[in-house]
$ cat start23.pdb   # PDB, C-alpha atoms
ATOM      1  CA  MET A   1      92.469 118.116  60.087
ATOM      2  CA  THR A   2      90.520 116.349  62.786
ATOM      3  CA  SER A   3      92.063 115.464  66.097
ATOM      4  CA  SER A   4      91.746 112.026  67.566
ATOM      5  CA  THR A   5      92.425 110.618  70.963
ATOM      6  CA  LEU A   6      94.644 107.569  71.120
ATOM      7  CA  THR A   7      93.573 105.066  73.739
ATOM      8  CA  THR A   8      95.219 101.882  74.848
ATOM      9  CA  GLN A   9      93.121  98.802  74.224
ATOM     10  CA  ALA A  10      92.954  96.824  77.458
ATOM     11  CA  LEU A  11      93.677  93.098  77.293
ATOM     12  CA  ASP A  12      90.443  91.097  77.099
ATOM     13  CA  GLY A  13      91.213  88.283  79.494
ATOM     14  CA  ALA A  14      87.787  86.676  79.221
ATOM     15  CA  SER A  15      88.346  85.919  75.540
ATOM     16  CA  ILE A  16      91.623  84.118  76.315
ATOM     17  CA  ASP A  17      90.564  81.577  78.924
ATOM     18  CA  GLY A  18      87.337  82.857  80.450
ATOM     19  CA  GLY A  19      85.790  79.413  79.958
ATOM     20  CA  LEU A  20      88.494  77.698  82.004
ATOM     21  CA  TYR A  21      88.198  80.416  84.629
ATOM     22  CA  GLY A  22      84.471  79.698  84.822
ATOM     23  CA  ASP A  23      85.099  75.972  85.236
ATOM     24  CA  ILE A  24      87.453  76.637  88.146
ATOM     25  CA  THR A  25      85.140  79.092  89.885
ATOM     26  CA  ASP A  26      82.256  76.638  89.413
ATOM     27  CA  PHE A  27      84.415  74.057  91.173
ATOM     28  CA  ALA A  28      84.892  76.596  93.981
ATOM     29  CA  ARG A  29      81.111  77.100  94.121
ATOM     30  CA  HIS A  30      80.635  73.400  94.819
ATOM     31  CA  THR A  31      83.486  73.009  97.322
ATOM     32  CA  HIS A  32      82.394  75.382 100.078
ATOM     33  CA  TRP A  33      84.385  73.367 102.629
ATOM     34  CA  LEU A  34      87.541  74.434 100.765
ATOM     35  CA  ASN A  35      86.659  78.124 100.350
ATOM     36  CA  GLY A  36      87.838  79.223 103.798
ATOM     37  CA  PRO A  37      91.284  77.559 103.767
ATOM     38  CA  VAL A  38      92.031  78.685 100.203
ATOM     39  CA  SER A  39      90.865  82.224 100.941
ATOM     40  CA  ALA A  40      93.134  82.361 103.993
ATOM     41  CA  TYR A  41      96.099  81.023 102.048
ATOM     42  CA  THR A  42      95.644  83.362  99.104
ATOM     43  CA  SER A  43      95.414  86.352 101.475
ATOM     44  CA  TYR A  44      98.182  85.561 103.949
ATOM     45  CA  GLY A  45     100.281  82.849 102.290
ATOM     46  CA  VAL A  46     102.747  85.366 100.858
ATOM     47  CA  ALA A  47     104.185  85.670 104.373
ATOM     48  CA  LEU A  48     105.196  82.018 104.117
ATOM     49  CA  PHE A  49     107.733  82.935 101.452
ATOM     50  CA  ALA A  50     109.381  85.406 103.814
ATOM     51  CA  VAL A  51     109.809  82.478 106.214
ATOM     52  CA  PHE A  52     111.288  80.365 103.423
ATOM     53  CA  MET A  53     113.814  83.119 102.658
ATOM     54  CA  LEU A  54     114.808  83.304 106.335
ATOM     55  CA  VAL A  55     115.324  79.543 106.315
ATOM     56  CA  GLY A  56     117.443  79.953 103.181
ATOM     57  CA  TRP A  57     119.599  82.568 104.884
ATOM     58  CA  TRP A  58     120.035  80.346 107.955
ATOM     59  CA  TYR A  59     121.036  77.401 105.769
ATOM     60  CA  ALA A  60     123.496  79.558 103.786
ATOM     61  CA  ARG A  61     125.379  80.530 106.958
ATOM     62  CA  ARG A  62     126.962  77.073 106.916
ATOM     63  CA  LYS A  63     127.768  77.100 103.195
ATOM     64  CA  ASP A  64     130.222  78.893 100.944
ATOM     65  CA  ALA A  65     129.960  82.579 100.119
ATOM     66  CA  SER A  66     128.229  82.025  96.764
ATOM     67  CA  VAL A  67     125.300  80.325  98.497
ATOM     68  CA  MET A  68     125.023  83.186 100.987
ATOM     69  CA  ALA A  69     125.121  85.665  98.088
ATOM     70  CA  ALA A  70     122.161  83.871  96.536
ATOM     71  CA  ALA A  71     120.266  83.815  99.828
ATOM     72  CA  LEU A  72     120.804  87.543 100.351
ATOM     73  CA  ALA A  73     119.734  88.243  96.764
ATOM     74  CA  ALA A  74     116.397  86.441  97.132
ATOM     75  CA  PRO A  75     114.495  89.362  98.739
ATOM     76  CA  PHE A  76     115.859  91.742  96.092
ATOM     77  CA  ALA A  77     114.716  89.334  93.388
ATOM     78  CA  VAL A  78     111.218  89.310  94.888
ATOM     79  CA  VAL A  79     110.996  93.103  95.047
ATOM     80  CA  LEU A  80     112.308  93.553  91.502
ATOM     81  CA  ALA A  81     109.938  90.877  90.165
ATOM     82  CA  TYR A  82     107.020  92.676  91.811
ATOM     83  CA  LEU A  83     108.043  96.006  90.245
ATOM     84  CA  VAL A  84     108.466  94.463  86.799
ATOM     85  CA  ASN A  85     105.120  92.702  87.111
ATOM     86  CA  ASP A  86     103.383  95.882  88.232
ATOM     87  CA  GLY A  87     104.833  97.652  85.201
ATOM     88  CA  ILE A  88     103.366  94.982  82.917
ATOM     89  CA  LYS A  89      99.991  95.454  84.611
ATOM     90  CA  SER A  90     100.037  99.162  83.809
ATOM     91  CA  VAL A  91     100.702  98.419  80.127
ATOM     92  CA  PHE A  92      98.004  95.791  79.534
ATOM     93  CA  THR A  93      95.355  97.142  81.980
ATOM     94  CA  GLU A  94      93.387  93.897  81.901
ATOM     95  CA  PRO A  95      90.144  94.253  83.921
ATOM     96  CA  ARG A  96      89.640  91.770  86.717
ATOM     97  CA  PRO A  97      87.503  88.748  85.852
ATOM     98  CA  CYS A  98      84.921  89.884  88.404
ATOM     99  CA  ARG A  99      84.195  92.843  86.104
ATOM    100  CA  ALA A 100      84.276  91.019  82.777
ATOM    101  CA  LEU A 101      82.360  87.991  84.099
ATOM    102  CA  PRO A 102      80.286  89.411  86.972
ATOM    103  CA  HIS A 103      77.975  86.393  87.247
ATOM    104  CA  ASP A 104      80.743  83.866  87.927
ATOM    105  CA  PHE A 105      81.257  82.647  91.480
ATOM    106  CA  LEU A 106      83.576  84.910  93.486
ATOM    107  CA  ILE A 107      85.175  84.392  96.900
ATOM    108  CA  GLU A 108      87.543  87.363  97.036
ATOM    109  CA  LYS A 109      86.014  90.839  96.954
ATOM    110  CA  CYS A 110      86.265  92.543  93.558
ATOM    111  CA  PRO A 111      89.184  95.036  93.631
ATOM    112  CA  PRO A 112      88.961  98.671  92.458
ATOM    113  CA  MET A 113      88.810  99.400  88.727
ATOM    114  CA  ASP A 114      92.477 100.430  88.560
ATOM    115  CA  ASP A 115      93.697  97.202  90.205
ATOM    116  CA  TYR A 116      94.392  95.193  87.073
ATOM    117  CA  ALA A 117      94.554  91.428  86.675
ATOM    118  CA  PHE A 118      97.387  90.635  84.264
ATOM    119  CA  PRO A 119      99.773  89.317  85.549
ATOM    120  CA  SER A 120      99.168  88.255  89.173
ATOM    121  CA  ASN A 121     101.375  90.021  91.728
ATOM    122  CA  HIS A 122     100.844  87.333  94.365
ATOM    123  CA  THR A 123     102.006  84.632  91.963
ATOM    124  CA  THR A 124     104.994  86.632  90.747
ATOM    125  CA  VAL A 125     106.247  87.210  94.288
ATOM    126  CA  ALA A 126     105.777  83.548  95.214
ATOM    127  CA  ALA A 127     107.481  82.283  92.050
ATOM    128  CA  ALA A 128     110.418  84.683  92.407
ATOM    129  CA  ALA A 129     111.038  83.578  95.987
ATOM    130  CA  ALA A 130     110.805  79.887  95.090
ATOM    131  CA  VAL A 131     113.134  80.096  92.088
ATOM    132  CA  ALA A 132     115.693  82.191  93.967
ATOM    133  CA  LEU A 133     115.704  79.628  96.775
ATOM    134  CA  PHE A 134     116.451  76.836  94.302
ATOM    135  CA  LEU A 135     119.903  78.390  93.930
ATOM    136  CA  VAL A 136     120.308  78.270  97.704
ATOM    137  CA  ASN A 137     119.013  74.780  98.423
ATOM    138  CA  ARG A 138     117.139  72.532  96.003
ATOM    139  CA  ARG A 139     114.984  70.877  98.625
ATOM    140  CA  LEU A 140     113.922  74.212 100.077
ATOM    141  CA  GLY A 141     113.338  75.519  96.553
ATOM    142  CA  ALA A 142     111.148  72.518  95.734
ATOM    143  CA  ILE A 143     109.008  73.082  98.835
ATOM    144  CA  ALA A 144     108.714  76.776  98.046
ATOM    145  CA  SER A 145     107.824  75.968  94.422
ATOM    146  CA  LEU A 146     104.965  73.739  95.556
ATOM    147  CA  ALA A 147     103.733  76.561  97.771
ATOM    148  CA  ALA A 148     104.033  78.962  94.816
ATOM    149  CA  LEU A 149     101.973  76.664  92.590
ATOM    150  CA  LEU A 150      99.325  76.501  95.294
ATOM    151  CA  MET A 151      99.355  80.301  95.484
ATOM    152  CA  ALA A 152      98.849  80.534  91.721
ATOM    153  CA  ALA A 153      95.967  78.067  91.838
ATOM    154  CA  SER A 154      94.379  79.863  94.778
ATOM    155  CA  ARG A 155      94.311  83.177  92.881
ATOM    156  CA  VAL A 156      92.103  81.613  90.203
ATOM    157  CA  TYR A 157      90.035  79.582  92.681
ATOM    158  CA  VAL A 158      88.979  82.704  94.626
ATOM    159  CA  GLY A 159      88.116  84.485  91.374
ATOM    160  CA  ALA A 160      90.854  87.114  91.462
ATOM    161  CA  HIS A 161      92.654  86.083  88.248
ATOM    162  CA  TYR A 162      92.335  84.208  84.982
ATOM    163  CA  PRO A 163      94.608  81.170  84.488
ATOM    164  CA  HIS A 164      96.799  83.088  82.010
ATOM    165  CA  ASP A 165      97.348  85.801  84.637
ATOM    166  CA  VAL A 166      99.044  83.359  86.984
ATOM    167  CA  LEU A 167     100.876  81.479  84.224
ATOM    168  CA  VAL A 168     102.541  84.622  82.891
ATOM    169  CA  ALA A 169     103.205  85.814  86.451
ATOM    170  CA  PHE A 170     105.082  82.575  87.121
ATOM    171  CA  VAL A 171     107.242  83.221  84.060
ATOM    172  CA  VAL A 172     107.953  86.812  85.129
ATOM    173  CA  GLY A 173     108.927  85.759  88.639
ATOM    174  CA  THR A 174     111.120  82.949  87.333
ATOM    175  CA  VAL A 175     113.001  85.063  84.790
ATOM    176  CA  VAL A 176     113.655  87.935  87.192
ATOM    177  CA  ALA A 177     114.700  85.657  90.050
ATOM    178  CA  LEU A 178     117.113  83.685  87.888
ATOM    179  CA  ALA A 179     118.701  86.871  86.548
ATOM    180  CA  VAL A 180     119.101  88.485  89.973
ATOM    181  CA  THR A 181     120.221  85.411  91.901
ATOM    182  CA  ARG A 182     122.677  84.164  89.306
ATOM    183  CA  SER A 183     124.150  87.652  89.032
ATOM    184  CA  ALA A 184     124.522  87.772  92.801
ATOM    185  CA  ARG A 185     126.341  84.441  92.865
ATOM    186  CA  ARG A 186     128.660  85.622  90.131
ATOM    187  CA  PHE A 187     129.386  89.194  91.192
ATOM    188  CA  ALA A 188     128.546  89.490  94.911
ATOM    189  CA  THR A 189     130.373  86.404  96.205
ATOM    190  CA  PRO A 190     133.721  88.237  96.739
ATOM    191  CA  THR A 191     131.898  90.920  98.726
ATOM    192  CA  VAL A 192     130.216  88.335 100.924
ATOM    193  CA  THR A 193     133.589  86.666 101.489
ATOM    194  CA  ARG A 194     135.065  89.955 102.700
ATOM    195  CA  LEU A 195     132.078  90.727 104.925
ATOM    196  CA  ARG A 196     132.349  87.316 106.542
ATOM    197  CA  GLY A 197     135.676  88.444 107.972
ATOM    198  CA  GLY A 198     134.306  91.661 109.442
ATOM    199  CA  ALA A 199     131.599  92.930 111.779
ATOM    200  CA  LEU A 200     128.844  91.093 109.875
ATOM    201  CA  LYS A 201     130.454  87.703 110.442
ATOM    202  CA  PRO A 202     127.782  86.561 112.966
ATOM    203  CA  LEU A 203     125.074  87.182 110.339
ATOM    204  CA  LEU A 204     126.898  85.565 107.450
ATOM    205  CA  THR A 205     128.463  82.475 109.003
TER     206      THR A 205
END
$ encode --input "start23.pdb" --output "structure tokens"
Amino acid sequence: MTSSTLTTQALDGASIDGGLYGDITDFARHTHWLNGPVSAYTSYGVALFAVFMLVGWWYARRKDASVMAAALAAPFAVVLAYLVNDGIKSVFTEPRPCRALPHDFLIEKCPPMDDYAFPSNHTTVAAAAAVALFLVNRRLGAIASLAALLMAASRVYVGAHYPHDVLVAFVVGTVVALAVTRSARRFATPTVTRLRGGALKPLLT
């Protein structure tokens, strides 16, 4: 009996939408004036979603306990979405486009071999924050969603991800955020109501 080694076949992202990825990075090649702003946003824009969540908490102080429960759940939704997304990455082990398509235009430095592409962590975090904030305040959620879409687009523009990486990441962030935030509104509201009458009142009202 011969022994064999079972290996996991990595997802071949280039065969899914490598052509569209190339079109987008070619656009980036010809819009040098846009490279700097997009690179800055894709690198540091995640911090903007922390600001959005602080705004959501501040807004919720004037609303009923269910809204505050949703606002407090938003950071947990983001963390859980990131962990779920990272788990998916470890299963599919899709190489970054910069390795599969090394001649395409690249703004962001190519990550290490074990930093996989599918799905995009940046996009998942942004989408989770935006969707969670929709259950706090729709206007704030809409603004955050626009910022999340820009984050997703920026990840492809700089060459870090294929389009399907950010699309699936958006779905992951959305599903996790809805599950966490709706559960918080349903089950954590009585706890928030009690805490509003105690030592944490200044933070919750």
$ closest_residue --input "start23.pdb" --among "A:Asn35, A:Ser154, A:Thr93, A:Ser120" --to "A:Val172" --atoms "only C-alpha atoms"
A:Ser120
$ residues_near_point --input "start23.pdb" --point "(112.2, 90.9, 99.5)" --cutoff "9 Å" --atoms "all atoms listed in the file" --output "list in words"
Ala50, Met53, Ala73, Ala74, Pro75, Phe76, Ala77, Val78, Val79, Leu80, Val125 and Ala129 of chain A
$ resolve_selection --input "start23.pdb" --expression "the PyMOL selection byres ((chain A and resi 149) around 10)" --output "CSV table (one decimal) with C-alpha atoms, in the coordinates of the input"
chain,number,residue,atom,x,y,z
A,123,THR,CA,102.0,84.6,92.0
A,126,ALA,CA,105.8,83.5,95.2
A,127,ALA,CA,107.5,82.3,92.0
A,130,ALA,CA,110.8,79.9,95.1
A,144,ALA,CA,108.7,76.8,98.0
A,145,SER,CA,107.8,76.0,94.4
A,146,LEU,CA,105.0,73.7,95.6
A,147,ALA,CA,103.7,76.6,97.8
A,148,ALA,CA,104.0,79.0,94.8
A,150,LEU,CA,99.3,76.5,95.3
A,151,MET,CA,99.4,80.3,95.5
A,152,ALA,CA,98.8,80.5,91.7
A,153,ALA,CA,96.0,78.1,91.8
A,154,SER,CA,94.4,79.9,94.8
A,166,VAL,CA,99.0,83.4,87.0
A,167,LEU,CA,100.9,81.5,84.2
A,170,PHE,CA,105.1,82.6,87.1
$ residues_around --input "start23.pdb" --residues "stretch 134-136 of chain A" --least-positions-apart "5" --cutoff "12 Å" --atoms "all atoms listed in the file" --output "PyMOL selection string"
chain A and resi 52-74+127-129+141-146+174+177-186
$ residues_around --input "start23.pdb" --residues "stretch 12-19 of chain A" --least-positions-apart "6" --cutoff "9 Å" --atoms "all atoms listed in the file" --output "number ranges by chain"
A: 94-97, 100-101, 117-118, 162-165
$ write_last_selection --input "start23.pdb" --atoms "C-alpha atoms" --output "PDB file, in the coordinates of the input"
ATOM      1  CA  GLU A  94      93.387  93.897  81.901  1.00  0.00           C
ATOM      2  CA  PRO A  95      90.144  94.253  83.921  1.00  0.00           C
ATOM      3  CA  ARG A  96      89.640  91.770  86.717  1.00  0.00           C
ATOM      4  CA  PRO A  97      87.503  88.748  85.852  1.00  0.00           C
ATOM      5  CA  ALA A 100      84.276  91.019  82.777  1.00  0.00           C
ATOM      6  CA  LEU A 101      82.360  87.991  84.099  1.00  0.00           C
ATOM      7  CA  ALA A 117      94.554  91.428  86.675  1.00  0.00           C
ATOM      8  CA  PHE A 118      97.387  90.635  84.264  1.00  0.00           C
ATOM      9  CA  TYR A 162      92.335  84.208  84.982  1.00  0.00           C
ATOM     10  CA  PRO A 163      94.608  81.170  84.488  1.00  0.00           C
ATOM     11  CA  HIS A 164      96.799  83.088  82.010  1.00  0.00           C
ATOM     12  CA  ASP A 165      97.348  85.801  84.637  1.00  0.00           C
TER      13      ASP A 165
END
$ closest_atom_pairs --input "start23.pdb" --of "stretch 100-199 of chain A" --to "stretch 25-30 of chain A" --cutoff "9 Å" --atoms "all atoms listed in the file" --output "CSV"
residue,atom,partner,partner_atom,distance
A:Asp104,CA,A:Thr25,CA,6.8
A:Phe105,CA,A:Thr25,CA,5.5
A:Leu106,CA,A:Thr25,CA,7.0
A:Ile107,CA,A:Ala28,CA,8.3
A:Val156,CA,A:Thr25,CA,7.4
A:Tyr157,CA,A:Thr25,CA,5.7
A:Val158,CA,A:Thr25,CA,7.1
A:Gly159,CA,A:Thr25,CA,6.3
$ atom_distance --input "start23.pdb" --atom1 "atom CA of A:Arg155" --atom2 "atom CA of A:Ala132"
21.4 Å
$ axis_aligned_box --input "start23.pdb" --around "stretch 183-197 of chain A" --padding-each-side "5 Å" --output "JSON"
{"center_x": 129.9, "center_y": 87.7, "center_z": 98.5, "size_x": 21.5, "size_y": 16.5, "size_z": 28.9}
$ decode --input "start23.pdb" --residues "stretch 74-89 of chain A" --atoms "N, CA and C atoms" --output "short mmCIF file (atom, residue, chain, number, x, y, z; two decimals), in the first residue's frame"
data_model
loop_
_atom_site.label_atom_id
_atom_site.label_comp_id
_atom_site.auth_asym_id
_atom_site.auth_seq_id
_atom_site.Cartn_x
_atom_site.Cartn_y
_atom_site.Cartn_z
N ALA A 74 -21.74 46.82 18.35
CA ALA A 74 -21.05 47.05 17.08
C ALA A 74 -19.57 46.64 17.13
N PRO A 75 -18.80 47.05 18.14
CA PRO A 75 -17.39 46.62 18.17
C PRO A 75 -17.24 45.10 18.26
N PHE A 76 -18.13 44.45 19.00
CA PHE A 76 -18.06 42.99 19.10
C PHE A 76 -18.37 42.34 17.75
N ALA A 77 -19.31 42.94 17.02
CA ALA A 77 -19.63 42.43 15.69
C ALA A 77 -18.42 42.54 14.77
N VAL A 78 -17.71 43.64 14.86
CA VAL A 78 -16.52 43.85 14.03
C VAL A 78 -15.44 42.81 14.34
N VAL A 79 -15.19 42.61 15.62
CA VAL A 79 -14.15 41.64 16.03
C VAL A 79 -14.53 40.23 15.59
N LEU A 80 -15.78 39.85 15.82
CA LEU A 80 -16.22 38.50 15.43
C LEU A 80 -16.17 38.32 13.91
N ALA A 81 -16.57 39.35 13.17
CA ALA A 81 -16.52 39.27 11.71
C ALA A 81 -15.08 39.08 11.23
N TYR A 82 -14.16 39.78 11.86
CA TYR A 82 -12.74 39.63 11.51
C TYR A 82 -12.27 38.20 11.77
N LEU A 83 -12.63 37.64 12.91
CA LEU A 83 -12.21 36.28 13.26
C LEU A 83 -12.80 35.25 12.29
N VAL A 84 -14.09 35.42 11.97
CA VAL A 84 -14.72 34.51 11.02
C VAL A 84 -14.04 34.62 9.66
N ASN A 85 -13.79 35.84 9.23
CA ASN A 85 -13.15 36.06 7.93
C ASN A 85 -11.75 35.45 7.89
N ASP A 86 -11.02 35.62 8.98
CA ASP A 86 -9.66 35.08 9.03
C ASP A 86 -9.68 33.56 8.98
N GLY A 87 -10.72 32.96 9.59
CA GLY A 87 -10.88 31.52 9.51
C GLY A 87 -11.13 31.06 8.08
N ILE A 88 -11.94 31.81 7.34
CA ILE A 88 -12.20 31.48 5.93
C ILE A 88 -10.91 31.57 5.13
N LYS A 89 -10.11 32.59 5.41
CA LYS A 89 -8.82 32.73 4.72
C LYS A 89 -7.96 31.48 4.88
#
